[in-house]
Amino acid sequence: MSTEKKPLEKVCLICAKGSLEDVYASLVMANGAVMEGIETKVFFTFFGLDGITKKAMNHLHTATTGNPAMRMPGGLPFPTMLGGLPGVESAVSGMMRKQMEALDMPPVDEFLEMITAGGGEIFACKLAVDMFKLKKEDLSDEVSDIITIGEFYEMCDGDRTQIIFT
Amino acid sequence: MSVKTIAGVAVNVSEEGYLEDMSQWNEEIANEIAKEVGIELTPKHFEVLNYLRDKTAAKESLTIRGVGKSGIVNIKELYGLFPKGPLKFSSKIAGIPKPTSCI
């Protein structure tokens with residue numbers, strides 16, 4: 001049996017959801033790959049587009065209802081009824097962003113810049129862009145192109161490539 | 001932990017070649033580790049290395065974002081100085097432990 005190491009050469013991430021934690025999961029994994037010297041491409045589609053839409057990207061929310069992992073400060077379960085009250089989701093999301101900032105996690109626009117500064121590439125899904133009636137100028141300047149999923153798959157060639165869907 | 005002779009000095013290194021004791025570091029050691037990872041050090045590199053060493057000595061956690069805000073280099077320049085390992089390679093050359101940060 002060969003013990004030769006075969007490190008990853010390319011990571012292709014697909015971000016299809018627009019909640020704070022889903023977008024950050026993609027961004028952390030993408031940035032982590034770039035920092036390890038791995039070729040990195042991220043494809044934002046459907047509600048994930050919020051993560052690269054100028055108006056939305058720095059105001060992402062985390063769901064306070066239908067999220068069984070949500071806890072009150074102190075660790076008690078977060079009552080679903082409370083999560084539905086006006087303003088609660090905003091307040092909780094704001095608090096999460098503050099805690100992330102304390103760990104040196106940047107806001108989304110800066111995170112995208114960090115990824116492209118290291119050579120990572122960001123793409124938007126054409127079908128979803130058309131569906132949400134967005135234009136190239138509505139998207140972050142770090143987005144290199146609006147492409148089809150077929151074109152994205154073409155970029156995902158190579159035998160040490162992984163596609164990760166978040 | 002093992003002992004390795006770098007630039008004529010016997011130093012303690014981790015399995016992955018990071019110095020275990022940052023006080024054993026000197027510029028010749030930096031140059032030799034840099035050569036191993038294919039980097040030719042310039043004064044700009046040393047500015048970054050010294051920044052990383054200062055932060056480590058002050059027990060502050062290191063992130064590429066932090067380096068980008070240091071005023072020495074921006075993140076793109078950091079990648080330019082230490083390609084494919086802005087924090088990994090720079091820490092190794094700076095004689096500090098392998099970074100534990102994900103950002």
# chains A, B, ... in the order shown; residues from 1 in each chain; ligands from 1
>>> interface_residues(of="chain A", to="chain B", cutoff="12 Å", atoms="only C-alpha atoms", output="PyMOL selection string")
chain A and resi 9+24-25+27-40+100-107+110-120
>>> residues_around(residues="Glu32 of chain B", least_positions_apart="4", cutoff="8 Å", atoms="only C-alpha atoms", output="list of chain:residue names")
B:Ile6, B:Ala7, B:Glu28, B:Glu36
>>> write_last_selection(atoms="N, CA and C atoms", output="mmCIF file, in the first residue's frame")
data_model
loop_
_atom_site.group_PDB
_atom_site.id
_atom_site.type_symbol
_atom_site.label_atom_id
_atom_site.label_comp_id
_atom_site.auth_asym_id
_atom_site.auth_seq_id
_atom_site.Cartn_x
_atom_site.Cartn_y
_atom_site.Cartn_z
ATOM 1 N N ILE B 6 19.747 23.857 11.986
ATOM 2 C CA ILE B 6 19.403 24.814 10.930
ATOM 3 C C ILE B 6 20.401 25.963 11.000
ATOM 4 N N ALA B 7 21.033 26.260 9.874
ATOM 5 C CA ALA B 7 22.037 27.327 9.790
ATOM 6 C C ALA B 7 23.107 27.171 10.881
ATOM 7 N N GLU B 28 19.525 34.020 10.221
ATOM 8 C CA GLU B 28 20.084 32.969 9.352
ATOM 9 C C GLU B 28 19.150 31.758 9.324
ATOM 10 N N GLU B 36 13.855 26.409 2.229
ATOM 11 C CA GLU B 36 13.172 25.105 2.180
ATOM 12 C C GLU B 36 11.773 25.218 1.575
#
>>> residues_around(residues="Thr53 of chain A", least_positions_apart="2", cutoff="8 Å", atoms="only C-alpha atoms", output="NGL selection string")
:A and (49-51 or 55-57 or 138-140)
>>> atom_distance(atom1="atom CA of Ile147 of chain A", atom2="atom CA of Ala63 of chain A")
29.0 Å
>>> atom_distance(atom1="atom CA of Glu89 of chain A", atom2="atom CA of Asp22 of chain A")
15.7 Å
>>> residues_around(residues="segment 163-165 of chain A", least_positions_apart="3", cutoff="9 Å", atoms="only C-alpha atoms", output="PyMOL selection string")
chain A and resi 10-16+26+156
>>> select_by_dssp(residues="segment 4-83 of chain B", states="alpha helix (DSSP H)", output="ChimeraX atom specification")
/B:27-36,43-57,64-68,75-81
>>> select_by_dssp(residues="chain B", states="strand (DSSP E)", output="ChimeraX atom specification")
/B:2-6,9-13
>>> residues_around(residues="Ala34 of chain B", least_positions_apart="6", cutoff="12 Å", atoms="only C-alpha atoms", output="ChimeraX atom specification")
/B:6-7,17-18,27-28,40-42,45-46,49,81-83,85,88-95
>>> write_last_selection(atoms="N, CA and C atoms", output="tab-separated table (two decimals), in the first residue's frame")
chain	number	residue	atom	x	y	z
B	6	ILE	N	19.75	23.86	11.99
B	6	ILE	CA	19.40	24.81	10.93
B	6	ILE	C	20.40	25.96	11.00
B	7	ALA	N	21.03	26.26	9.87
B	7	ALA	CA	22.04	27.33	9.79
B	7	ALA	C	23.11	27.17	10.88
B	17	GLY	N	8.28	20.80	11.52
B	17	GLY	CA	9.41	21.70	11.29
B	17	GLY	C	9.27	23.11	11.85
B	18	TYR	N	8.29	23.30	12.73
B	18	TYR	CA	8.15	24.62	13.37
B	18	TYR	C	9.04	24.66	14.61
B	27	GLU	N	18.13	35.41	12.20
B	27	GLU	CA	17.84	35.69	10.78
B	27	GLU	C	18.39	34.63	9.83
B	28	GLU	N	19.53	34.02	10.22
B	28	GLU	CA	20.08	32.97	9.35
B	28	GLU	C	19.15	31.76	9.32
B	40	GLU	N	12.68	33.58	-1.04
B	40	GLU	CA	13.89	34.38	-0.84
B	40	GLU	C	13.49	35.59	0.01
B	41	LEU	N	14.05	35.73	1.20
B	41	LEU	CA	13.59	36.78	2.11
B	41	LEU	C	14.13	38.17	1.76
B	42	THR	N	13.25	39.16	1.86
B	42	THR	CA	13.60	40.56	1.64
B	42	THR	C	13.35	41.31	2.95
B	45	HIS	N	9.83	41.01	4.06
B	45	HIS	CA	9.52	39.74	4.72
B	45	HIS	C	9.83	39.85	6.22
B	46	PHE	N	11.01	40.43	6.51
B	46	PHE	CA	11.43	40.50	7.92
B	46	PHE	C	10.52	41.40	8.75
B	49	LEU	N	7.77	39.15	9.58
B	49	LEU	CA	8.23	38.14	10.54
B	49	LEU	C	8.34	38.73	11.95
B	81	LEU	N	4.17	37.81	-0.64
B	81	LEU	CA	5.42	37.52	0.07
B	81	LEU	C	5.53	36.04	0.42
B	82	PHE	N	4.40	35.47	0.84
B	82	PHE	CA	4.41	34.06	1.27
B	82	PHE	C	3.36	33.27	0.48
B	83	PRO	N	3.63	33.00	-0.80
B	83	PRO	CA	2.62	32.35	-1.63
B	83	PRO	C	2.21	31.00	-1.08
B	85	GLY	N	0.79	30.09	1.50
B	85	GLY	CA	0.85	29.83	2.94
B	85	GLY	C	1.12	31.11	3.70
B	88	LYS	N	0.89	30.04	7.42
B	88	LYS	CA	1.60	28.79	7.68
B	88	LYS	C	3.11	28.97	7.45
B	89	PHE	N	3.48	29.46	6.26
B	89	PHE	CA	4.89	29.60	5.93
B	89	PHE	C	5.54	30.75	6.71
B	90	SER	N	4.80	31.85	6.85
B	90	SER	CA	5.40	32.99	7.55
B	90	SER	C	5.68	32.62	9.01
B	91	SER	N	4.78	31.86	9.63
B	91	SER	CA	4.99	31.45	11.02
B	91	SER	C	6.18	30.51	11.14
B	92	LYS	N	6.29	29.61	10.17
B	92	LYS	CA	7.39	28.65	10.18
B	92	LYS	C	8.73	29.40	10.08
B	93	ILE	N	8.77	30.37	9.17
B	93	ILE	CA	10.01	31.13	8.96
B	93	ILE	C	10.30	32.05	10.16
B	94	ALA	N	9.21	32.52	10.81
B	94	ALA	CA	9.38	33.42	11.95
B	94	ALA	C	9.77	32.68	13.22
B	95	GLY	N	9.81	31.35	13.14
B	95	GLY	CA	10.23	30.57	14.31
B	95	GLY	C	9.21	30.52	15.42
>>> atom_distance(atom1="atom CA of Leu8 of chain A", atom2="atom CA of Cys125 of chain A")
24.6 Å
>>> residues_around(residues="Met1 of chain B", least_positions_apart="4", cutoff="8 Å", atoms="only C-alpha atoms", output="list in words")
Asn12, Val13, Ser14, Glu15 and Glu20 of chain B
>>> write_last_selection(atoms="C-alpha atoms", output="PDB file, in the first residue's frame")
ATOM      1  CA  ASN B  12      14.069  21.987  18.762  1.00  0.00           C
ATOM      2  CA  VAL B  13      11.437  21.590  16.080  1.00  0.00           C
ATOM      3  CA  SER B  14       7.972  20.066  15.889  1.00  0.00           C
ATOM      4  CA  GLU B  15       7.140  17.178  13.572  1.00  0.00           C
ATOM      5  CA  GLU B  20       9.488  24.893  19.516  1.00  0.00           C
TER       6      GLU B  20
END
